[in-house]
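Source file: model01.txt; contents: compact mmCIF, C-alpha atoms and all ligand atoms.
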# COMPACT_ATOMS: atom_id res chain seq x y z
CA MET A 1 89.27 109.95 103.81
CA THR A 2 89.57 111.75 100.47
CA GLU A 3 92.27 111.07 97.87
CA ASP A 4 94.08 114.11 99.26
CA SER A 5 93.95 113.02 102.85
CA THR A 6 95.10 109.54 101.86
CA ALA A 7 97.92 111.27 100.09
CA ALA A 8 99.01 113.02 103.26
CA ALA A 9 99.10 109.83 105.29
CA THR A 10 102.15 108.17 103.81
CA ALA A 11 104.06 106.81 106.77
CA THR A 12 102.11 104.29 108.79
CA THR A 13 102.17 102.72 112.22
CA ALA A 14 105.23 100.73 113.19
CA ILE A 15 103.96 97.40 114.47
CA GLU A 16 106.18 94.96 112.61
CA THR A 17 109.79 95.74 111.85
CA GLU A 18 111.27 95.50 108.40
CA GLU A 19 114.79 96.24 107.34
CA GLN A 20 115.04 99.79 106.04
CA ASP A 21 117.31 101.20 103.39
CA THR A 22 117.45 104.91 104.18
CA THR A 23 119.35 106.02 101.07
CA THR A 24 117.07 108.04 98.79
CA THR A 25 117.80 107.82 95.07
CA PRO A 26 116.25 110.22 92.57
CA LEU A 27 113.98 108.44 90.10
CA ALA A 28 115.24 108.36 86.51
CA ALA A 29 112.57 110.64 84.99
CA ALA A 30 112.39 114.25 86.21
CA PRO A 31 108.94 115.27 87.53
CA SER A 32 108.59 117.95 84.82
CA GLU A 33 109.10 115.32 82.10
CA LEU A 34 106.62 113.04 83.79
CA ARG A 35 104.08 115.88 83.88
CA ILE A 36 104.34 116.56 80.14
CA GLU A 37 104.11 112.88 79.32
CA HIS A 38 101.17 112.49 81.66
CA GLU A 39 99.31 115.45 80.15
CA GLN A 40 99.60 113.78 76.75
CA ARG A 41 98.29 110.54 78.15
CA GLN A 42 95.40 112.32 79.87
CA GLN A 43 94.41 113.84 76.55
CA LYS A 44 94.39 110.32 75.12
CA GLN A 45 92.23 109.12 78.02
CA ARG A 46 89.74 111.91 77.35
CA GLU A 47 89.47 110.70 73.75
CA GLU A 48 89.26 107.01 74.69
CA ILE A 49 86.43 107.61 77.17
CA HIS A 50 84.06 107.92 74.22
CA ALA A 51 84.76 104.38 73.05
CA LEU A 52 83.03 102.96 76.16
CA ASN A 53 79.48 103.27 77.44
CA LYS A 54 78.62 105.15 80.60
CA GLU A 55 77.75 102.01 82.53
CA THR A 56 81.20 100.51 81.94
CA LEU A 57 82.95 103.78 82.78
CA HIS A 58 81.00 104.13 86.02
CA HIS A 59 81.73 100.52 86.91
CA LEU A 60 85.48 101.13 86.49
CA LEU A 61 85.28 104.23 88.69
CA TYR A 62 83.15 102.40 91.27
CA GLN A 63 85.65 99.56 91.56
CA MET A 64 88.65 101.87 91.93
CA VAL A 65 86.90 103.95 94.58
CA LEU A 66 85.76 100.78 96.36
CA ILE A 67 89.33 99.45 96.57
CA ARG A 68 90.62 102.85 97.79
CA ARG A 69 87.97 103.25 100.52
CA PHE A 70 88.18 99.57 101.47
CA GLU A 71 91.90 99.90 102.12
CA GLU A 72 91.51 103.16 104.02
CA LYS A 73 89.09 101.26 106.28
CA ALA A 74 91.54 98.35 106.54
CA ALA A 75 94.33 100.75 107.56
CA GLU A 76 92.07 102.15 110.28
CA ALA A 77 91.17 98.63 111.48
CA TYR A 78 94.88 97.74 111.52
CA THR A 79 95.76 100.66 113.79
CA LEU A 80 92.89 99.60 116.07
CA GLY A 81 94.47 96.14 116.33
CA LYS A 82 91.62 94.38 114.54
CA ILE A 83 93.97 93.20 111.79
CA GLY A 84 97.31 91.62 112.65
CA GLY A 85 100.39 90.45 110.75
CA PHE A 86 101.60 91.89 107.49
CA CYS A 87 99.27 94.10 105.47
CA HIS A 88 100.37 95.65 102.17
CA LEU A 89 98.14 98.39 100.80
CA TYR A 90 97.46 98.92 97.09
CA ILE A 91 96.54 102.63 97.32
CA GLY A 92 97.76 104.42 94.16
CA GLN A 93 97.82 101.24 92.04
CA GLU A 94 94.05 100.68 91.69
CA ALA A 95 93.94 101.38 87.95
CA VAL A 96 96.15 98.35 87.31
CA ALA A 97 93.93 95.66 88.85
CA VAL A 98 90.67 97.31 87.80
CA GLY A 99 91.69 98.09 84.22
CA SER A 100 93.30 94.71 83.54
CA ILE A 101 90.67 92.50 85.19
CA SER A 102 87.92 94.39 83.33
CA ALA A 103 89.36 92.84 80.15
CA LEU A 104 88.71 89.27 81.41
CA ARG A 105 85.86 86.78 81.28
CA PRO A 106 84.76 85.32 84.63
CA ASP A 107 86.32 81.94 83.77
CA ASP A 108 89.81 83.44 83.28
CA TYR A 109 92.35 83.14 86.08
CA VAL A 110 94.13 85.70 88.25
CA ILE A 111 97.15 85.02 90.46
CA THR A 112 99.19 87.66 92.25
CA SER A 113 101.55 88.57 95.09
CA TYR A 114 100.85 89.57 98.70
CA ARG A 115 99.66 93.07 97.65
CA ASP A 116 96.42 91.41 96.70
CA HIS A 117 93.33 93.18 98.11
CA GLY A 118 92.63 95.17 94.93
CA HIS A 119 92.88 92.19 92.57
CA ALA A 120 90.64 90.09 94.83
CA ILE A 121 87.89 92.72 94.87
CA ALA A 122 88.20 93.42 91.14
CA LYS A 123 87.98 89.68 90.35
CA GLY A 124 84.74 89.44 92.29
CA ILE A 125 85.46 88.27 95.83
CA PRO A 126 82.84 90.11 97.93
CA ALA A 127 84.33 92.94 100.00
CA ASP A 128 82.75 91.32 103.11
CA GLU A 129 84.80 88.17 102.63
CA VAL A 130 88.00 90.07 101.91
CA MET A 131 87.62 92.21 105.04
CA ALA A 132 86.76 89.15 107.18
CA GLU A 133 89.90 87.46 105.87
CA LEU A 134 92.00 90.46 106.90
CA TYR A 135 90.44 90.18 110.36
CA GLY A 136 91.30 86.44 110.43
CA ARG A 137 87.65 85.42 110.77
CA ALA A 138 85.82 82.28 109.65
CA GLY A 139 83.72 84.26 107.16
CA GLY A 140 86.85 85.25 105.25
CA CYS A 141 87.48 83.99 101.70
CA SER A 142 90.29 81.73 103.00
CA ALA A 143 88.25 80.78 106.09
CA GLY A 144 90.28 83.19 108.22
CA LYS A 145 93.50 81.18 107.92
CA GLY A 146 95.21 83.07 105.13
CA GLY A 147 95.06 86.72 106.12
CA SER A 148 95.94 89.71 103.99
CA MET A 149 98.65 88.00 101.92
CA HIS A 150 96.71 84.81 101.14
CA LEU A 151 93.32 85.76 99.78
CA PHE A 152 91.93 82.92 97.64
CA ASP A 153 88.61 82.05 96.01
CA ARG A 154 88.30 79.20 93.55
CA ASP A 155 84.68 80.17 92.77
CA VAL A 156 85.84 83.32 90.97
CA ASN A 157 89.10 81.77 89.66
CA TYR A 158 91.24 83.88 91.96
CA LEU A 159 94.25 81.75 92.87
CA GLY A 160 95.98 83.93 95.51
CA GLY A 161 97.70 85.95 97.21
CA HIS A 162 101.36 84.63 97.46
CA GLY A 163 103.99 85.77 99.97
CA ILE A 164 107.19 84.54 98.32
CA VAL A 165 108.44 87.24 95.95
CA GLY A 166 108.08 85.83 92.42
CA GLY A 167 106.67 82.52 93.71
CA GLN A 168 103.39 83.00 91.83
CA ILE A 169 105.12 83.41 88.44
CA PRO A 170 105.84 79.71 87.82
CA LEU A 171 102.48 78.86 89.39
CA GLY A 172 100.67 81.18 86.94
CA THR A 173 102.66 79.61 84.13
CA GLY A 174 101.43 76.19 85.28
CA VAL A 175 97.84 77.42 85.41
CA ALA A 176 98.14 78.61 81.82
CA PHE A 177 99.63 75.24 80.87
CA ALA A 178 96.62 73.50 82.47
CA SER A 179 94.15 75.70 80.55
CA LYS A 180 95.84 74.82 77.28
CA TYR A 181 96.16 71.11 78.16
CA GLN A 182 92.43 71.00 78.91
CA GLY A 183 91.67 72.50 75.51
CA THR A 184 90.08 75.72 76.85
CA ASP A 185 90.74 79.27 75.69
CA ARG A 186 91.01 80.67 79.21
CA ALA A 187 93.65 83.31 79.87
CA THR A 188 95.71 83.72 83.05
CA LEU A 189 96.76 87.11 84.38
CA CYS A 190 99.87 86.70 86.52
CA TYR A 191 100.86 89.83 88.48
CA PHE A 192 104.13 90.61 90.28
CA GLY A 193 106.20 93.59 91.37
CA GLU A 194 109.29 94.80 89.54
CA ALA A 195 111.57 93.42 92.27
CA ALA A 196 110.34 89.92 91.39
CA VAL A 197 111.79 90.37 87.90
CA ASN A 198 115.27 89.86 89.37
CA GLN A 199 114.26 86.36 90.47
CA GLY A 200 115.23 83.40 88.31
CA ALA A 201 111.62 82.20 88.37
CA PHE A 202 110.56 85.14 86.17
CA HIS A 203 113.12 84.29 83.47
CA GLU A 204 112.49 80.55 83.55
CA SER A 205 108.74 81.14 83.28
CA LEU A 206 108.92 83.51 80.32
CA ASN A 207 111.26 81.17 78.49
CA MET A 208 108.96 78.21 79.02
CA ALA A 209 105.78 80.16 78.24
CA GLN A 210 107.06 81.22 74.82
CA LEU A 211 108.57 77.83 74.04
CA TRP A 212 105.39 75.97 74.97
CA LYS A 213 103.04 78.72 73.72
CA LEU A 214 101.16 79.28 76.97
CA PRO A 215 98.19 81.69 77.27
CA CYS A 216 99.62 83.70 80.16
CA VAL A 217 99.70 87.50 80.51
CA TYR A 218 102.59 88.47 82.79
CA ILE A 219 101.82 91.81 84.42
CA CYS A 220 104.72 93.56 86.10
CA GLU A 221 103.28 96.26 88.37
CA ASN A 222 106.30 98.50 88.40
CA ASN A 223 105.69 100.74 91.41
CA GLN A 224 109.41 101.61 91.37
CA TYR A 225 110.28 100.25 94.82
CA GLY A 226 110.88 96.82 96.30
CA MET A 227 110.38 97.52 100.01
CA GLY A 228 112.80 100.44 100.63
CA THR A 229 115.00 99.88 97.56
CA SER A 230 114.40 101.89 94.40
CA LEU A 231 114.46 100.23 91.02
CA GLN A 232 117.54 102.29 90.09
CA ARG A 233 119.57 100.71 92.86
CA ALA A 234 118.54 97.13 92.19
CA MET A 235 118.15 96.54 88.44
CA SER A 236 120.73 96.92 85.67
CA LEU A 237 118.16 97.18 82.84
CA GLN A 238 115.30 99.20 84.27
CA ASN A 239 112.87 99.00 81.36
CA VAL A 240 111.25 95.76 82.38
CA SER A 241 109.25 95.40 79.15
CA GLU A 242 112.54 95.20 77.20
CA LYS A 243 113.47 92.01 79.01
CA ALA A 244 110.78 90.16 77.07
CA CYS A 245 112.93 90.18 73.92
CA ALA A 246 115.39 87.79 75.58
CA TYR A 247 112.65 85.14 75.34
CA ASP A 248 110.96 86.38 72.13
CA VAL A 249 107.85 87.27 74.16
CA ALA A 250 105.55 90.12 73.01
CA SER A 251 105.57 93.10 75.38
CA GLU A 252 104.15 96.56 76.05
CA PHE A 253 104.93 99.45 78.38
CA VAL A 254 101.74 100.89 79.89
CA ASP A 255 100.82 103.92 82.02
CA GLY A 256 99.42 102.40 85.20
CA MET A 257 97.76 105.65 86.25
CA ASP A 258 95.40 105.43 83.28
CA VAL A 259 92.73 102.78 83.79
CA LEU A 260 91.69 102.83 80.13
CA ALA A 261 95.25 102.37 78.86
CA VAL A 262 95.64 99.37 81.18
CA ARG A 263 92.34 97.90 79.98
CA ALA A 264 93.21 98.34 76.30
CA ALA A 265 96.71 96.82 76.64
CA THR A 266 95.30 93.86 78.57
CA GLU A 267 92.62 93.32 75.92
CA ARG A 268 95.36 93.03 73.30
CA ALA A 269 97.35 90.61 75.45
CA VAL A 270 94.30 88.49 76.31
CA ALA A 271 93.36 88.28 72.61
CA ARG A 272 96.90 87.00 71.91
CA ALA A 273 96.49 84.42 74.68
CA ARG A 274 93.07 83.21 73.50
CA GLN A 275 93.57 83.30 69.75
CA GLU A 276 97.25 82.41 69.37
CA SER A 277 97.94 80.76 72.73
CA LEU A 278 100.93 83.05 73.27
CA PRO A 279 102.24 84.89 76.33
CA THR A 280 102.70 88.67 76.73
CA LEU A 281 104.69 90.72 79.21
CA LEU A 282 103.07 94.01 80.22
CA GLU A 283 105.16 96.45 82.22
CA ILE A 284 102.61 98.70 83.88
CA ARG A 285 104.30 101.72 85.46
CA THR A 286 102.61 102.84 88.67
CA TYR A 287 103.44 104.16 92.15
CA ARG A 288 102.39 103.18 95.64
CA PHE A 289 101.27 106.13 97.73
CA MET A 290 101.56 104.33 101.07
CA GLY A 291 104.41 102.44 102.70
CA HIS A 292 105.54 99.00 101.58
CA SER A 293 103.46 97.56 104.41
CA MET A 294 101.81 98.94 107.53
CA SER A 295 105.19 98.90 109.31
CA ASP A 296 107.10 101.07 106.84
CA PRO A 297 108.38 104.40 108.20
CA GLY A 298 109.19 105.48 104.63
CA ASN A 299 112.71 106.85 105.13
CA TYR A 300 113.89 105.96 101.63
CA ARG A 301 111.95 108.55 99.62
CA THR A 302 111.01 112.19 99.98
CA ARG A 303 107.57 113.61 100.58
CA SER A 304 107.90 115.81 97.49
CA GLU A 305 108.50 112.74 95.31
CA ILE A 306 105.31 111.16 96.66
CA GLU A 307 103.38 114.38 96.11
CA LYS A 308 104.50 114.57 92.48
CA PHE A 309 103.08 111.14 91.80
CA GLN A 310 99.92 111.95 93.73
CA GLU A 311 99.18 114.60 91.13
CA ARG A 312 98.66 111.61 88.85
CA ASP A 313 96.23 109.86 91.20
CA PRO A 314 94.43 107.43 88.86
CA ILE A 315 91.04 107.92 90.53
CA LYS A 316 91.15 111.71 90.68
CA LEU A 317 92.23 111.96 87.05
CA PHE A 318 89.71 109.46 85.71
CA ARG A 319 86.91 111.20 87.60
CA GLU A 320 87.95 114.63 86.31
CA ASN A 321 88.19 113.35 82.75
CA LEU A 322 84.76 111.70 83.00
CA LYS A 323 83.33 115.00 84.18
CA THR A 324 84.90 117.14 81.48
CA GLN A 325 83.70 114.64 78.86
CA ASN A 326 80.13 114.83 80.24
CA MET A 327 80.16 111.18 81.30
CA LEU A 328 79.76 111.84 85.03
CA THR A 329 77.61 114.37 86.87
CA ASP A 330 78.23 115.56 90.43
CA GLU A 331 75.12 113.63 91.52
CA GLU A 332 76.35 110.41 89.91
CA ASN A 333 79.73 110.86 91.53
CA ALA A 334 78.11 111.42 94.94
CA SER A 335 75.98 108.32 94.44
CA ILE A 336 79.07 106.21 93.64
CA GLU A 337 80.81 107.50 96.79
CA ALA A 338 77.69 106.79 98.91
CA ARG A 339 77.27 103.25 97.58
CA VAL A 340 80.96 102.53 98.14
CA LYS A 341 80.76 103.89 101.69
CA ASP A 342 77.84 101.55 102.43
CA GLU A 343 79.62 98.55 100.97
CA VAL A 344 82.79 99.24 102.98
CA GLU A 345 80.88 99.84 106.23
CA ARG A 346 78.95 96.61 105.72
CA SER A 347 82.21 94.72 105.11
CA ALA A 348 83.66 95.95 108.41
CA GLN A 349 80.45 95.02 110.26
CA PHE A 350 80.49 91.58 108.63
CA ALA A 351 84.13 91.07 109.67
CA ASP A 352 83.44 92.28 113.22
CA SER A 353 80.55 89.89 113.67
CA SER A 354 82.17 86.88 111.98
CA PRO A 355 83.50 84.24 114.48
CA GLU A 356 87.12 83.18 114.89
CA PRO A 357 87.94 79.96 112.97
CA ALA A 358 87.15 76.88 115.10
CA PRO A 359 90.23 75.08 116.54
CA GLU A 360 89.21 71.83 114.78
CA GLU A 361 89.61 73.66 111.46
CA LEU A 362 93.36 74.01 112.05
CA PHE A 363 94.36 71.15 109.73
CA ALA A 364 91.59 71.60 107.15
CA HIS A 365 92.73 72.88 103.74
CA VAL A 366 96.39 72.17 104.54
CA TYR A 367 96.88 68.81 102.79
CA ALA A 368 94.74 67.13 100.11
CA ASN A 369 94.32 64.13 102.45
CA PRO A 370 94.26 65.59 105.94
CA ILE A 371 95.36 63.55 108.93
CA VAL A 372 92.11 62.94 110.80
CA ASN A 373 93.76 62.40 114.17
CA SER A 374 97.31 61.95 115.37
CA GLU A 375 96.89 58.24 116.18
CA GLN A 376 96.22 57.16 112.60
C1 LIG B 401 111.87 85.21 97.95
C2 LIG B 401 111.63 86.41 98.83
N1 LIG B 401 112.63 87.26 99.12
C3 LIG B 401 112.43 88.33 99.89
C4 LIG B 401 111.17 88.58 100.43
C5 LIG B 401 110.95 89.83 101.29
N2 LIG B 401 110.17 90.81 100.50
C6 LIG B 401 108.87 90.95 100.69
S1 LIG B 401 108.21 92.08 99.67
C7 LIG B 401 109.69 92.43 98.97
C8 LIG B 401 109.81 93.48 97.88
C9 LIG B 401 109.08 93.10 96.63
O1 LIG B 401 108.91 94.22 95.81
P1 LIG B 401 108.14 94.16 94.45
O2 LIG B 401 108.29 92.83 93.83
O3 LIG B 401 108.53 95.33 93.64
O4 LIG B 401 106.59 94.28 94.87
P2 LIG B 401 105.85 95.46 95.64
O5 LIG B 401 106.00 95.18 97.11
O6 LIG B 401 106.48 96.73 95.24
O7 LIG B 401 104.43 95.34 95.24
C10 LIG B 401 110.69 91.66 99.54
C11 LIG B 401 112.10 91.72 99.16
C12 LIG B 401 110.15 87.65 100.14
N3 LIG B 401 108.89 87.80 100.61
N4 LIG B 401 110.37 86.60 99.32
MG MG B 402 107.67 97.24 93.57
Show this structure as C-alpha cells.
Amino acid sequence: MTEDSTAAATATTAIETEEQDTTTTPLAAAPSELRIEHEQRQQKQREEIHALNKETLHHLLYQMVLIRRFEEKAAEAYTLGKIGGFCHLYIGQEAVAVGSISALRPDDYVITSYRDHGHAIAKGIPADEVMAELYGRAGGCSAGKGGSMHLFDRDVNYLGGHGIVGGQIPLGTGVAFASKYQGTDRATLCYFGEAAVNQGAFHESLNMAQLWKLPCVYICENNQYGMGTSLQRAMSLQNVSEKACAYDVASEFVDGMDVLAVRAATERAVARARQESLPTLLEIRTYRFMGHSMSDPGNYRTRSEIEKFQERDPIKLFRENLKTQNMLTDEENASIEARVKDEVERSAQFADSSPEPAPEELFAHVYANPIVNSEQ
C-alpha cells in the first residue's frame, strides 16, 4: 500500500465494539491556516536537512517507512483473523516516535501507551518479535502473552505498552527517579495521548518531577482525538504545552509531522534531563490517519478533514524534501522501500511460523515469585 492508498483506507473492520460519539466538531485551526503554517515549517525542514549527514537522514526515512509498512501488514493480518483483540495503529504519527527516539542513547528508557508499535520498532525491538507478539506467538517480545498493547523488551530499555490511559505517566516518573537515584544520566521518554492529560496522574507526575528534579521528558502526542471525542469537546485549555507552567516545568510545542523538528526538540529536552536533571513537557501536534483502533467506524470526523491532514503526511513530505535537497535519489528511495518490504515480509513469516505459547507458561512473568503449583 502507498501513503495514498493508506490514506484512503480510514475506516476499518468492525470486530470489537467501542462506544462511538458521532458528533463532529470542527478543529480549532482552519485548514488554510494550517497549510500556510505547514509551508513555513517545510521550508525550515529543507534548511535543517543540511545539518545532518545522509546516513542519518536515510535511517530516519527507513524507520518511518518500516513502521508504516509494518502496520499496513498488521492491518491486513488483523482482517485475516491472524491478530485478535485490540490493535491501535500509529499510521500518520511515525515522525513522533522516530524523531524523538533518534535523540536517545541505547541505555535511555522509553515507556508509552497502547499505541505502541512505532515506539517499539524505533527503540530497537526487531520487527519479527513485534509482529509475533501481535500474533500472540511465543517468539513475540512479550512471549506472546502481551499482544499489541503490551509490547515490552528490557534488553532495549523499552518498558511498555500500557493499556490504562495515563497509567504509564507515574511509571515513567518512577523510572526517571530510579535513574537519578542510581546516579546515572539516563533520560526517560514518557509518551501519552492528549486525552491522558485530563487524568490526575499527569498533573501529579509533573508536579513531582519538577519538585524532585527528575530526568523525564513527557511527550504528549496530541493527535487531536481521544477515541471518538475531539480535543475541543474534552479539554478546557487546549494548548497542552501551556499546562506545564502550572508546575514550573519547561515546555515546547512541536510540529509532529516534521521528523527533524521532533528530533531537535527532543535533543534539547534530553540535554536538560542529562545535564540539569530536569523534566520537560513536549506537546507534539500530530494526527492519526486511521481509526482509534481496528474497530472504529470513524463517524466522528469527516473524510475531508482527514484528507487535509494527509497532505501533511510526515513520510511523503520528508521524502520530497530530501529529494529536492539532493539528499535522496530515486534509486536510493526504491532501495529503502525494497529493504523495508523484505523486513516486513520476513516478520510476518516469522510470526506465522512461531508456535503458540505453551500452556505451562501461563503463570510465568506474572508475579516475581510465581506459584509453582496450586498445592504449595
Ligand atoms: C483509565 C482509562 N479510561 C478509559 C480508557 C478507554 N480508552 C482507551 S483509549 C482512550 C482514548 C485515549 O486517547 P489519547 O490519550 O488521546 O490517546 P490516543 O488513543 O489518541 O493515542 C480511552 C478513553 C482506558 N483505557 N483507560
Ligand atoms: Mg489522542
Q: Find the residues near ligand LIG 401 (chain B). Use a cut-off of 6 Å, count all atoms listed in the file, and write them as an MDAnalysis selection string.
A: chainID A and resid 115 163:165 192:196 223 225:227 292
Residue subset to file, keeping C-alpha atoms, as a PDB file, keeping the file's coordinate frame:
ATOM      1  CA  ARG A 115      99.660  93.070  97.650  1.00  0.00           C
ATOM      2  CA  GLY A 163     103.990  85.770  99.970  1.00  0.00           C
ATOM      3  CA  ILE A 164     107.190  84.540  98.320  1.00  0.00           C
ATOM      4  CA  VAL A 165     108.440  87.240  95.950  1.00  0.00           C
ATOM      5  CA  PHE A 192     104.130  90.610  90.280  1.00  0.00           C
ATOM      6  CA  GLY A 193     106.200  93.590  91.370  1.00  0.00           C
ATOM      7  CA  GLU A 194     109.290  94.800  89.540  1.00  0.00           C
ATOM      8  CA  ALA A 195     111.570  93.420  92.270  1.00  0.00           C
ATOM      9  CA  ALA A 196     110.340  89.920  91.390  1.00  0.00           C
ATOM     10  CA  ASN A 223     105.690 100.740  91.410  1.00  0.00           C
ATOM     11  CA  TYR A 225     110.280 100.250  94.820  1.00  0.00           C
ATOM     12  CA  GLY A 226     110.880  96.820  96.300  1.00  0.00           C
ATOM     13  CA  MET A 227     110.380  97.520 100.010  1.00  0.00           C
ATOM     14  CA  HIS A 292     105.540  99.000 101.580  1.00  0.00           C
TER      15      HIS A 292
END
**Q.** Between atom CA of A:Ser102 and atom CA of A:Arg263 - distance in Å to one decimal
**A.**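 Distance reported for this atom pair: 6.6 Å.
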(Q) Excluding stretch 272-289 of chain A and its own-chain neighbours fewer than 4 positions away, which residues fall within 8 Å of it when counting only C-alpha atoms? Please give them as an MDAnalysis selection string. (A) chainID A and resid 7 10 90:93 96 180 185:187 206 209:210 213:224 240:241 244 249:257 262 265:266 268 306 309:310
Using C-alpha atoms, can you export the residues from the last selection as a short mmCIF file (atom, residue, chain, number, x, y, z; two decimals), in the frame of the given file?
data_model
loop_
_atom_site.label_atom_id
_atom_site.label_comp_id
_atom_site.auth_asym_id
_atom_site.auth_seq_id
_atom_site.Cartn_x
_atom_site.Cartn_y
_atom_site.Cartn_z
CA ALA A 7 97.92 111.27 100.09
CA THR A 10 102.15 108.17 103.81
CA TYR A 90 97.46 98.92 97.09
CA ILE A 91 96.54 102.63 97.32
CA GLY A 92 97.76 104.42 94.16
CA GLN A 93 97.82 101.24 92.04
CA VAL A 96 96.15 98.35 87.31
CA LYS A 180 95.84 74.82 77.28
CA ASP A 185 90.74 79.27 75.69
CA ARG A 186 91.01 80.67 79.21
CA ALA A 187 93.65 83.31 79.87
CA LEU A 206 108.92 83.51 80.32
CA ALA A 209 105.78 80.16 78.24
CA GLN A 210 107.06 81.22 74.82
CA LYS A 213 103.04 78.72 73.72
CA LEU A 214 101.16 79.28 76.97
CA PRO A 215 98.19 81.69 77.27
CA CYS A 216 99.62 83.70 80.16
CA VAL A 217 99.70 87.50 80.51
CA TYR A 218 102.59 88.47 82.79
CA ILE A 219 101.82 91.81 84.42
CA CYS A 220 104.72 93.56 86.10
CA GLU A 221 103.28 96.26 88.37
CA ASN A 222 106.30 98.50 88.40
CA ASN A 223 105.69 100.74 91.41
CA GLN A 224 109.41 101.61 91.37
CA VAL A 240 111.25 95.76 82.38
CA SER A 241 109.25 95.40 79.15
CA ALA A 244 110.78 90.16 77.07
CA VAL A 249 107.85 87.27 74.16
CA ALA A 250 105.55 90.12 73.01
CA SER A 251 105.57 93.10 75.38
CA GLU A 252 104.15 96.56 76.05
CA PHE A 253 104.93 99.45 78.38
CA VAL A 254 101.74 100.89 79.89
CA ASP A 255 100.82 103.92 82.02
CA GLY A 256 99.42 102.40 85.20
CA MET A 257 97.76 105.65 86.25
CA VAL A 262 95.64 99.37 81.18
CA ALA A 265 96.71 96.82 76.64
CA THR A 266 95.30 93.86 78.57
CA ARG A 268 95.36 93.03 73.30
CA ILE A 306 105.31 111.16 96.66
CA PHE A 309 103.08 111.14 91.80
CA GLN A 310 99.92 111.95 93.73
#
Q: Have a look at A:Ile36, A:Met290, A:Ala351, A:Ala51 and name the one nearest to ligand MG 402 (chain B); count all atoms listed in the file.
A: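 Looking at the shortest contact to ligand MG 402 (chain B), the residue is A:Met290.
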**Q.** Atomic separation - atom CA of A:Ser179 relative to atom CA of A:Asp248, Å
**A.** 21.6 Å
Q: Could you jot down the atom CA of A:Gly124 to atom CA of A:Tyr158 separation for me, Å, one decimal place?
A: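 Distance between the two atoms: 8.6 Å.
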Q: Could you tell me which of A:Tyr191, A:Phe318, A:Phe350, A:Tyr109 comes closest to ligand MG 402 (chain B) if we count all atoms listed in the file?
A: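 Using all atoms listed in the file, the shortest distance to ligand MG 402 (chain B) belongs to A:Tyr191.
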Q | Which of A:Ala234, A:Ala176, A:Val98, A:Leu134 sits closest to ligand MG 402 (chain B) [using all atoms listed in the file] | A |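 Using all atoms listed in the file, the shortest distance to ligand MG 402 (chain B) belongs to A:Ala234.
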Q: Pick out the residues sitting within 9 Å of A:Val130, and hand them over as number ranges by chain; count only C-alpha atoms, and ignore anything fewer than 2 positions along from it in its own chain.
A: A: 117, 120-121, 125-128, 132-135, 139-142, 147-148, 151, 347, 351
Q. In terms of the shortest atom-to-atom distance over only C-alpha atoms and all ligand atoms, which of A:Thr229, A:Gln63, A:Ser236, A:Gln199 is closest to ligand MG 402 (chain B)?
A.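 Among the listed residues, the smallest separation from ligand MG 402 (chain B) belongs to A:Thr229.
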Reconstructed N, CA and C atoms for stretch 190-203 of chain A, given as a JSON list (two decimals), in the coordinates of the input:
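Just written: selection30.json:
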[["chain", "number", "residue", "atom", "x", "y", "z"],
["A", 190, "CYS", "N", 98.93, 86.98, 85.43],
["A", 190, "CYS", "CA", 99.87, 86.70, 86.52],
["A", 190, "CYS", "C", 100.60, 88.00, 86.87],
["A", 191, "TYR", "N", 100.32, 88.52, 88.07],
["A", 191, "TYR", "CA", 100.86, 89.83, 88.48],
["A", 191, "TYR", "C", 102.06, 89.65, 89.41],
["A", 192, "PHE", "N", 102.98, 90.60, 89.36],
["A", 192, "PHE", "CA", 104.13, 90.61, 90.28],
["A", 192, "PHE", "C", 104.73, 92.00, 90.28],
["A", 193, "GLY", "N", 105.52, 92.29, 91.30],
["A", 193, "GLY", "CA", 106.20, 93.59, 91.37],
["A", 193, "GLY", "C", 107.48, 93.57, 90.56],
["A", 194, "GLU", "N", 108.07, 94.75, 90.36],
["A", 194, "GLU", "CA", 109.29, 94.80, 89.54],
["A", 194, "GLU", "C", 110.47, 94.15, 90.25],
["A", 195, "ALA", "N", 110.45, 94.08, 91.58],
["A", 195, "ALA", "CA", 111.57, 93.42, 92.27],
["A", 195, "ALA", "C", 111.58, 91.92, 91.99],
["A", 196, "ALA", "N", 110.41, 91.36, 91.69],
["A", 196, "ALA", "CA", 110.34, 89.92, 91.39],
["A", 196, "ALA", "C", 111.01, 89.58, 90.06],
["A", 197, "VAL", "N", 111.19, 90.60, 89.22],
["A", 197, "VAL", "CA", 111.79, 90.37, 87.90],
["A", 197, "VAL", "C", 113.26, 89.95, 88.02],
["A", 198, "ASN", "N", 113.88, 90.28, 89.16],
["A", 198, "ASN", "CA", 115.27, 89.86, 89.37],
["A", 198, "ASN", "C", 115.38, 88.41, 89.83],
["A", 199, "GLN", "N", 114.25, 87.76, 90.05],
["A", 199, "GLN", "CA", 114.26, 86.36, 90.47],
["A", 199, "GLN", "C", 114.39, 85.46, 89.24],
["A", 200, "GLY", "N", 115.09, 84.36, 89.41],
["A", 200, "GLY", "CA", 115.23, 83.40, 88.31],
["A", 200, "GLY", "C", 113.88, 82.89, 87.81],
["A", 201, "ALA", "N", 112.94, 82.76, 88.72],
["A", 201, "ALA", "CA", 111.62, 82.20, 88.37],
["A", 201, "ALA", "C", 110.95, 82.99, 87.25],
["A", 202, "PHE", "N", 111.15, 84.30, 87.23],
["A", 202, "PHE", "CA", 110.56, 85.14, 86.17],
["A", 202, "PHE", "C", 111.13, 84.71, 84.81],
["A", 203, "HIS", "N", 112.45, 84.58, 84.74],
["A", 203, "HIS", "CA", 113.12, 84.29, 83.47],
["A", 203, "HIS", "C", 112.80, 82.87, 82.99]]
